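Pasted below: input.txt, compact mmCIF, N, CA and C atoms.
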```txt
# COMPACT_ATOMS: atom_id res chain seq x y z
N MET A 1 0.81 -1.19 0.00
CA MET A 1 0.00 0.00 0.00
C MET A 1 0.85 1.25 0.00
N GLY A 2 2.04 1.16 0.57
CA GLY A 2 2.94 2.31 0.58
C GLY A 2 3.36 2.72 -0.82
N THR A 3 3.49 1.77 -1.71
CA THR A 3 3.88 2.06 -3.09
C THR A 3 2.76 2.78 -3.83
N VAL A 4 1.53 2.36 -3.60
CA VAL A 4 0.38 2.99 -4.25
C VAL A 4 0.25 4.43 -3.77
N GLY A 5 0.41 4.65 -2.47
CA GLY A 5 0.33 6.00 -1.91
C GLY A 5 1.46 6.87 -2.42
N GLY A 6 2.64 6.29 -2.58
CA GLY A 6 3.79 7.03 -3.11
C GLY A 6 3.58 7.44 -4.55
N LEU A 7 3.00 6.54 -5.35
CA LEU A 7 2.71 6.86 -6.76
C LEU A 7 1.65 7.94 -6.87
N GLY A 8 0.65 7.86 -6.02
CA GLY A 8 -0.41 8.88 -6.01
C GLY A 8 0.15 10.24 -5.64
N SER A 9 1.04 10.26 -4.65
CA SER A 9 1.66 11.51 -4.23
C SER A 9 2.54 12.07 -5.33
N LEU A 10 3.28 11.21 -6.00
CA LEU A 10 4.16 11.63 -7.09
C LEU A 10 3.33 12.18 -8.26
N THR A 11 2.24 11.52 -8.56
CA THR A 11 1.35 11.97 -9.63
C THR A 11 0.76 13.33 -9.28
N ALA A 12 0.34 13.51 -8.04
CA ALA A 12 -0.22 14.79 -7.60
C ALA A 12 0.83 15.90 -7.69
N GLN A 13 2.06 15.60 -7.28
CA GLN A 13 3.14 16.60 -7.35
C GLN A 13 3.44 16.96 -8.80
N THR A 14 3.47 15.96 -9.66
CA THR A 14 3.71 16.21 -11.09
C THR A 14 2.61 17.09 -11.67
N GLY A 15 1.37 16.80 -11.29
CA GLY A 15 0.23 17.61 -11.74
C GLY A 15 0.34 19.04 -11.26
N LEU A 16 0.74 19.22 -10.01
CA LEU A 16 0.91 20.57 -9.47
C LEU A 16 2.03 21.32 -10.17
N LEU A 17 3.14 20.62 -10.42
CA LEU A 17 4.25 21.25 -11.13
C LEU A 17 3.84 21.64 -12.54
N GLN A 18 3.07 20.79 -13.20
CA GLN A 18 2.61 21.09 -14.56
C GLN A 18 1.69 22.31 -14.56
N ALA A 19 0.77 22.35 -13.60
CA ALA A 19 -0.14 23.49 -13.51
C ALA A 19 0.63 24.78 -13.23
N GLN A 20 1.62 24.71 -12.35
CA GLN A 20 2.42 25.88 -12.03
C GLN A 20 3.21 26.35 -13.25
N GLN A 21 3.77 25.40 -13.98
CA GLN A 21 4.54 25.74 -15.18
C GLN A 21 3.62 26.37 -16.23
N ASP A 22 2.43 25.83 -16.40
CA ASP A 22 1.48 26.39 -17.36
C ASP A 22 1.10 27.82 -16.99
N ARG A 23 0.88 28.08 -15.69
CA ARG A 23 0.57 29.43 -15.22
C ARG A 23 1.72 30.38 -15.50
N MET A 24 2.95 29.94 -15.25
CA MET A 24 4.13 30.78 -15.48
C MET A 24 4.27 31.10 -16.96
N LEU A 25 4.07 30.11 -17.82
CA LEU A 25 4.14 30.34 -19.26
C LEU A 25 3.08 31.33 -19.71
N GLN A 26 1.87 31.19 -19.18
CA GLN A 26 0.78 32.08 -19.55
C GLN A 26 1.09 33.51 -19.09
N GLN A 27 1.61 33.68 -17.88
CA GLN A 27 1.96 35.01 -17.39
C GLN A 27 3.06 35.63 -18.23
N ALA A 28 4.05 34.84 -18.62
CA ALA A 28 5.14 35.36 -19.45
C ALA A 28 4.61 35.79 -20.81
N GLN A 29 3.69 35.02 -21.37
CA GLN A 29 3.12 35.38 -22.66
C GLN A 29 2.26 36.63 -22.55
N GLU A 30 1.52 36.79 -21.45
CA GLU A 30 0.70 37.98 -21.26
C GLU A 30 1.57 39.22 -21.11
N GLU A 31 2.67 39.11 -20.37
CA GLU A 31 3.58 40.25 -20.22
C GLU A 31 4.21 40.60 -21.55
N LYS A 32 4.62 39.59 -22.29
CA LYS A 32 5.21 39.82 -23.61
C LYS A 32 4.19 40.47 -24.53
N SER A 33 2.95 40.01 -24.45
CA SER A 33 1.88 40.55 -25.29
C SER A 33 1.60 42.01 -24.96
N SER A 34 1.55 42.36 -23.66
CA SER A 34 1.27 43.75 -23.29
C SER A 34 2.42 44.66 -23.69
N ASN A 35 3.67 44.19 -23.54
CA ASN A 35 4.81 44.98 -23.99
C ASN A 35 4.78 45.15 -25.50
N GLN A 36 4.43 44.07 -26.20
CA GLN A 36 4.37 44.13 -27.66
C GLN A 36 3.25 45.07 -28.10
N ASP A 37 2.11 45.05 -27.42
CA ASP A 37 1.00 45.94 -27.76
C ASP A 37 1.42 47.40 -27.61
N ALA A 38 2.11 47.71 -26.53
CA ALA A 38 2.56 49.09 -26.31
C ALA A 38 3.56 49.52 -27.38
N LYS A 39 4.45 48.61 -27.76
CA LYS A 39 5.43 48.93 -28.80
C LYS A 39 4.74 49.16 -30.15
N ILE A 40 3.73 48.36 -30.45
CA ILE A 40 3.00 48.51 -31.71
C ILE A 40 2.30 49.86 -31.74
N GLU A 41 1.62 50.21 -30.66
CA GLU A 41 0.90 51.50 -30.61
C GLU A 41 1.87 52.67 -30.76
N LYS A 42 2.99 52.59 -30.04
CA LYS A 42 3.97 53.68 -30.07
C LYS A 42 4.57 53.82 -31.47
N SER A 43 4.97 52.71 -32.07
CA SER A 43 5.63 52.79 -33.37
C SER A 43 4.66 53.23 -34.46
N SER A 44 3.40 52.83 -34.37
CA SER A 44 2.44 53.26 -35.39
C SER A 44 2.16 54.76 -35.28
N LYS A 45 2.10 55.29 -34.05
CA LYS A 45 1.93 56.73 -33.88
C LYS A 45 3.14 57.49 -34.38
N GLU A 46 4.34 56.97 -34.08
CA GLU A 46 5.56 57.64 -34.54
C GLU A 46 5.64 57.64 -36.06
N PHE A 47 5.25 56.53 -36.68
CA PHE A 47 5.27 56.47 -38.14
C PHE A 47 4.30 57.49 -38.73
N GLU A 48 3.09 57.55 -38.18
CA GLU A 48 2.12 58.52 -38.69
C GLU A 48 2.62 59.94 -38.48
N SER A 49 3.26 60.19 -37.36
CA SER A 49 3.81 61.51 -37.08
C SER A 49 4.88 61.89 -38.10
N MET A 50 5.76 60.94 -38.41
CA MET A 50 6.82 61.23 -39.40
C MET A 50 6.22 61.45 -40.78
N LEU A 51 5.22 60.65 -41.14
CA LEU A 51 4.57 60.81 -42.44
C LEU A 51 3.87 62.16 -42.54
N LEU A 52 3.11 62.51 -41.50
CA LEU A 52 2.45 63.81 -41.49
C LEU A 52 3.46 64.95 -41.53
N GLY A 53 4.56 64.79 -40.81
CA GLY A 53 5.61 65.81 -40.82
C GLY A 53 6.19 66.02 -42.20
N THR A 54 6.42 64.95 -42.91
CA THR A 54 6.95 65.05 -44.27
C THR A 54 5.94 65.75 -45.18
N TRP A 55 4.68 65.36 -45.07
CA TRP A 55 3.65 66.00 -45.90
C TRP A 55 3.49 67.48 -45.57
N LEU A 56 3.47 67.81 -44.29
CA LEU A 56 3.32 69.21 -43.89
C LEU A 56 4.53 70.05 -44.30
N GLN A 57 5.71 69.46 -44.21
CA GLN A 57 6.91 70.19 -44.60
C GLN A 57 6.91 70.46 -46.11
N GLN A 58 6.50 69.47 -46.88
CA GLN A 58 6.41 69.67 -48.33
C GLN A 58 5.34 70.71 -48.67
N ALA A 59 4.23 70.67 -47.96
CA ALA A 59 3.18 71.66 -48.20
C ALA A 59 3.66 73.05 -47.81
N GLU A 60 4.36 73.15 -46.69
CA GLU A 60 4.88 74.45 -46.25
C GLU A 60 5.88 75.01 -47.26
N GLN A 61 6.73 74.16 -47.79
CA GLN A 61 7.71 74.60 -48.78
C GLN A 61 7.05 75.01 -50.09
N SER A 62 5.97 74.32 -50.44
CA SER A 62 5.28 74.63 -51.70
C SER A 62 4.45 75.90 -51.61
N PHE A 63 3.73 76.08 -50.50
CA PHE A 63 2.78 77.17 -50.41
C PHE A 63 3.27 78.40 -49.65
N ALA A 64 4.31 78.27 -48.85
CA ALA A 64 4.75 79.38 -48.02
C ALA A 64 5.78 80.28 -48.70
N THR A 65 6.24 79.90 -49.86
CA THR A 65 7.23 80.74 -50.53
C THR A 65 6.52 81.71 -51.46
N VAL A 66 7.05 82.89 -51.47
CA VAL A 66 6.52 83.94 -52.33
C VAL A 66 7.48 84.10 -53.50
N PRO A 67 6.97 84.06 -54.71
CA PRO A 67 7.87 84.23 -55.86
C PRO A 67 8.61 85.56 -55.78
N GLY A 68 9.90 85.52 -55.99
CA GLY A 68 10.72 86.72 -55.96
C GLY A 68 11.20 87.11 -54.58
N ALA A 69 10.78 86.41 -53.54
CA ALA A 69 11.21 86.74 -52.18
C ALA A 69 12.61 86.20 -51.95
N ASP A 70 13.37 86.91 -51.12
CA ASP A 70 14.72 86.49 -50.80
C ASP A 70 14.69 85.66 -49.52
N ASP A 71 15.00 84.36 -49.62
CA ASP A 71 14.94 83.46 -48.48
C ASP A 71 16.14 83.58 -47.55
N ASP A 72 17.19 84.28 -47.98
CA ASP A 72 18.40 84.40 -47.17
C ASP A 72 18.27 85.45 -46.07
N ASP A 73 17.17 86.19 -46.03
CA ASP A 73 17.01 87.25 -45.04
C ASP A 73 16.94 86.72 -43.61
N ASP A 74 16.31 85.59 -43.41
CA ASP A 74 16.12 85.06 -42.07
C ASP A 74 16.66 83.63 -42.01
N ALA A 75 17.89 83.50 -41.50
CA ALA A 75 18.55 82.19 -41.47
C ALA A 75 17.87 81.22 -40.50
N GLY A 76 17.36 81.70 -39.39
CA GLY A 76 16.72 80.84 -38.39
C GLY A 76 15.28 80.48 -38.73
N ARG A 77 14.74 81.16 -39.72
CA ARG A 77 13.34 80.94 -40.09
C ARG A 77 13.09 79.49 -40.48
N SER A 78 13.94 78.90 -41.30
CA SER A 78 13.71 77.53 -41.78
C SER A 78 13.79 76.51 -40.64
N GLN A 79 14.70 76.76 -39.69
CA GLN A 79 14.79 75.86 -38.54
C GLN A 79 13.55 75.96 -37.66
N MET A 80 13.09 77.16 -37.41
CA MET A 80 11.89 77.34 -36.60
C MET A 80 10.67 76.75 -37.30
N MET A 81 10.57 76.92 -38.59
CA MET A 81 9.44 76.35 -39.33
C MET A 81 9.49 74.82 -39.28
N SER A 82 10.69 74.26 -39.39
CA SER A 82 10.84 72.81 -39.33
C SER A 82 10.42 72.27 -37.97
N LEU A 83 10.83 72.94 -36.90
CA LEU A 83 10.42 72.54 -35.55
C LEU A 83 8.91 72.66 -35.36
N GLY A 84 8.35 73.72 -35.90
CA GLY A 84 6.90 73.92 -35.81
C GLY A 84 6.13 72.84 -36.56
N VAL A 85 6.62 72.47 -37.73
CA VAL A 85 5.97 71.43 -38.53
C VAL A 85 6.07 70.09 -37.81
N GLN A 86 7.23 69.78 -37.23
CA GLN A 86 7.39 68.53 -36.48
C GLN A 86 6.45 68.47 -35.28
N THR A 87 6.34 69.56 -34.55
CA THR A 87 5.47 69.63 -33.39
C THR A 87 4.01 69.48 -33.79
N LEU A 88 3.63 70.13 -34.87
CA LEU A 88 2.26 70.01 -35.37
C LEU A 88 1.96 68.58 -35.79
N ALA A 89 2.90 67.96 -36.48
CA ALA A 89 2.71 66.57 -36.93
C ALA A 89 2.58 65.62 -35.74
N THR A 90 3.41 65.80 -34.73
CA THR A 90 3.35 64.96 -33.52
C THR A 90 2.02 65.16 -32.80
N SER A 91 1.58 66.39 -32.69
CA SER A 91 0.30 66.67 -32.03
C SER A 91 -0.87 66.07 -32.80
N LEU A 92 -0.83 66.18 -34.12
CA LEU A 92 -1.88 65.58 -34.94
C LEU A 92 -1.93 64.07 -34.76
N ALA A 93 -0.77 63.43 -34.79
CA ALA A 93 -0.71 61.97 -34.64
C ALA A 93 -1.18 61.55 -33.25
N ASP A 94 -0.80 62.29 -32.21
CA ASP A 94 -1.20 61.95 -30.84
C ASP A 94 -2.70 62.09 -30.63
N SER A 95 -3.32 62.99 -31.38
CA SER A 95 -4.77 63.20 -31.22
C SER A 95 -5.59 62.34 -32.18
N GLY A 96 -4.97 61.37 -32.79
CA GLY A 96 -5.71 60.46 -33.65
C GLY A 96 -5.27 60.52 -35.09
N GLY A 97 -4.63 61.60 -35.47
CA GLY A 97 -4.10 61.73 -36.82
C GLY A 97 -5.18 61.60 -37.88
N ILE A 98 -4.79 61.00 -38.99
CA ILE A 98 -5.72 60.81 -40.09
C ILE A 98 -6.11 59.35 -40.25
N GLY A 99 -5.71 58.52 -39.30
CA GLY A 99 -6.13 57.13 -39.29
C GLY A 99 -5.11 56.14 -39.81
N ILE A 100 -4.01 56.62 -40.35
CA ILE A 100 -2.99 55.71 -40.89
C ILE A 100 -2.34 54.91 -39.76
N GLY A 101 -2.04 55.56 -38.65
CA GLY A 101 -1.43 54.87 -37.51
C GLY A 101 -2.33 53.79 -36.97
N LYS A 102 -3.64 54.05 -36.93
CA LYS A 102 -4.59 53.06 -36.43
C LYS A 102 -4.65 51.85 -37.38
N MET A 103 -4.61 52.12 -38.68
CA MET A 103 -4.64 51.01 -39.65
C MET A 103 -3.38 50.15 -39.52
N ILE A 104 -2.24 50.80 -39.36
CA ILE A 104 -0.98 50.07 -39.21
C ILE A 104 -0.99 49.27 -37.92
N ALA A 105 -1.44 49.88 -36.83
CA ALA A 105 -1.50 49.18 -35.55
C ALA A 105 -2.44 47.98 -35.62
N LYS A 106 -3.57 48.14 -36.29
CA LYS A 106 -4.52 47.03 -36.42
C LYS A 106 -3.89 45.87 -37.19
N ALA A 107 -3.18 46.18 -38.28
CA ALA A 107 -2.53 45.13 -39.06
C ALA A 107 -1.42 44.46 -38.26
N LEU A 108 -0.64 45.24 -37.52
CA LEU A 108 0.44 44.66 -36.72
C LEU A 108 -0.09 43.83 -35.56
N HIS A 109 -1.20 44.27 -34.95
CA HIS A 109 -1.82 43.48 -33.88
C HIS A 109 -2.32 42.14 -34.42
N ALA A 110 -2.94 42.17 -35.60
CA ALA A 110 -3.44 40.93 -36.20
C ALA A 110 -2.29 39.98 -36.51
N GLN A 111 -1.20 40.54 -37.02
CA GLN A 111 -0.03 39.71 -37.33
C GLN A 111 0.58 39.15 -36.04
N ALA A 112 0.66 39.95 -34.99
CA ALA A 112 1.21 39.49 -33.72
C ALA A 112 0.31 38.42 -33.09
N ASP A 113 -1.01 38.61 -33.18
CA ASP A 113 -1.93 37.61 -32.64
C ASP A 113 -1.81 36.29 -33.39
N LYS A 114 -1.65 36.39 -34.70
CA LYS A 114 -1.48 35.19 -35.52
C LYS A 114 -0.20 34.46 -35.14
N ALA A 115 0.88 35.21 -34.96
CA ALA A 115 2.16 34.60 -34.56
C ALA A 115 2.07 34.01 -33.16
N ALA A 116 1.38 34.70 -32.24
CA ALA A 116 1.24 34.22 -30.87
C ALA A 116 0.40 32.94 -30.84
N ALA A 117 -0.63 32.90 -31.67
CA ALA A 117 -1.46 31.69 -31.72
C ALA A 117 -0.66 30.51 -32.26
N HIS A 118 0.19 30.80 -33.22
CA HIS A 118 1.01 29.74 -33.81
C HIS A 118 2.05 29.24 -32.82
N THR A 119 2.74 30.13 -32.14
CA THR A 119 3.76 29.72 -31.16
C THR A 119 3.13 29.29 -29.85
N GLY A 120 1.97 29.84 -29.50
CA GLY A 120 1.29 29.49 -28.26
C GLY A 120 0.83 28.04 -28.25
N ALA A 121 0.43 27.53 -29.38
CA ALA A 121 -0.01 26.13 -29.45
C ALA A 121 1.18 25.19 -29.32
N ALA A 122 2.34 25.60 -29.81
CA ALA A 122 3.53 24.75 -29.76
C ALA A 122 4.22 24.81 -28.39
N ALA A 123 4.15 25.94 -27.70
CA ALA A 123 4.87 26.10 -26.43
C ALA A 123 4.38 25.17 -25.33
N PRO A 124 3.07 25.07 -25.07
CA PRO A 124 2.65 24.16 -24.01
C PRO A 124 2.99 22.71 -24.32
N ALA A 125 2.92 22.32 -25.58
CA ALA A 125 3.24 20.94 -25.93
C ALA A 125 4.71 20.65 -25.66
N SER A 126 5.59 21.59 -26.01
CA SER A 126 7.03 21.36 -25.77
C SER A 126 7.33 21.41 -24.29
N ALA A 127 6.64 22.23 -23.52
CA ALA A 127 6.84 22.28 -22.08
C ALA A 127 6.38 20.98 -21.43
N LYS A 128 5.26 20.47 -21.93
CA LYS A 128 4.74 19.20 -21.40
C LYS A 128 5.72 18.06 -21.67
N GLN A 129 6.30 18.07 -22.85
CA GLN A 129 7.26 17.02 -23.20
C GLN A 129 8.51 17.12 -22.32
N ALA A 130 8.93 18.34 -22.02
CA ALA A 130 10.12 18.53 -21.19
C ALA A 130 9.88 18.02 -19.77
N VAL A 131 8.69 18.26 -19.23
CA VAL A 131 8.37 17.81 -17.89
C VAL A 131 8.26 16.30 -17.84
N GLU A 132 7.64 15.72 -18.88
CA GLU A 132 7.45 14.28 -18.89
C GLU A 132 8.74 13.55 -19.23
N GLY A 133 9.70 14.26 -19.81
CA GLY A 133 10.99 13.65 -20.16
C GLY A 133 10.96 12.90 -21.48
N HIS A 134 10.06 13.27 -22.39
CA HIS A 134 9.99 12.61 -23.69
C HIS A 134 10.68 13.44 -24.73
```
Can the structure from this file be put into structure tokens for me?
Amino acid sequence: MGTVGGLGSLTAQTGLLQAQQDRMLQQAQEEKSSNQDAKIEKSSKEFESMLLGTWLQQAEQSFATVPGADDDDDAGRSQMMSLGVQTLATSLADSGGIGIGKMIAKALHAQADKAAAHTGAAAPASAKQAVEGH
């Protein structure tokens, strides 16, 4: 009877270890997912900001020049205009922009979820094999 009780105890311990390992894997994946989500949101906003900045700078250069005007009169003007355009572009992107950042973030989230689903199905199986020693 001691052998049966020992096997039952060993089985229970193995089950507890497996459950604990599964919880740890799930927590690690959730932390990775939240960090990845934040990175996706940040990078999509930054991309939209840079795109808007480029468009605004080109528009400013096209429409703000007066034919026959001498641009050499104010050397700091171009730097101040560039800073203003960058700030405007960043503010526009932070307040929602024109939707390009949201579209990029949505596509990147879908791709990340697809990759997580693919690796998530393989990870518990490999962890189970490692615990069982197969």
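Proximity ranking of A:Leu56, A:Ala107, A:Ala12, A:Leu17 relative to A:Ala89 places A:Leu56 first, based on all atoms listed in the file.
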Checklist outcome for this item: From atom C of A:Lys45 to atom CA of A:Ala93 the spacing works out at 5.9 Å
Next on the checklist: Just checking: using only C-alpha atoms, which residue out of A:Ser78, A:Thr87, A:Gln36, A:Thr54 ends up closest to A:Ala116?
Outcome noted: A:Gln36
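Distance-wise, atom C of A:Gly99 and atom N of A:His118 end up 26.7 Å apart.
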Item to check | Separation of atom CA of A:Gln20 from atom C of A:Ala38 in Å | outcome: 28.2 Å
Item to check | Sel. within 7 Å of pt (8.4, 69.0, -41.9), counting all atoms listed in the file, output as JSON, numbers by chain | outcome: {"A": [52, 53, 54, 55, 56, 57, 58, 81, 82, 83, 84, 85, 86]}
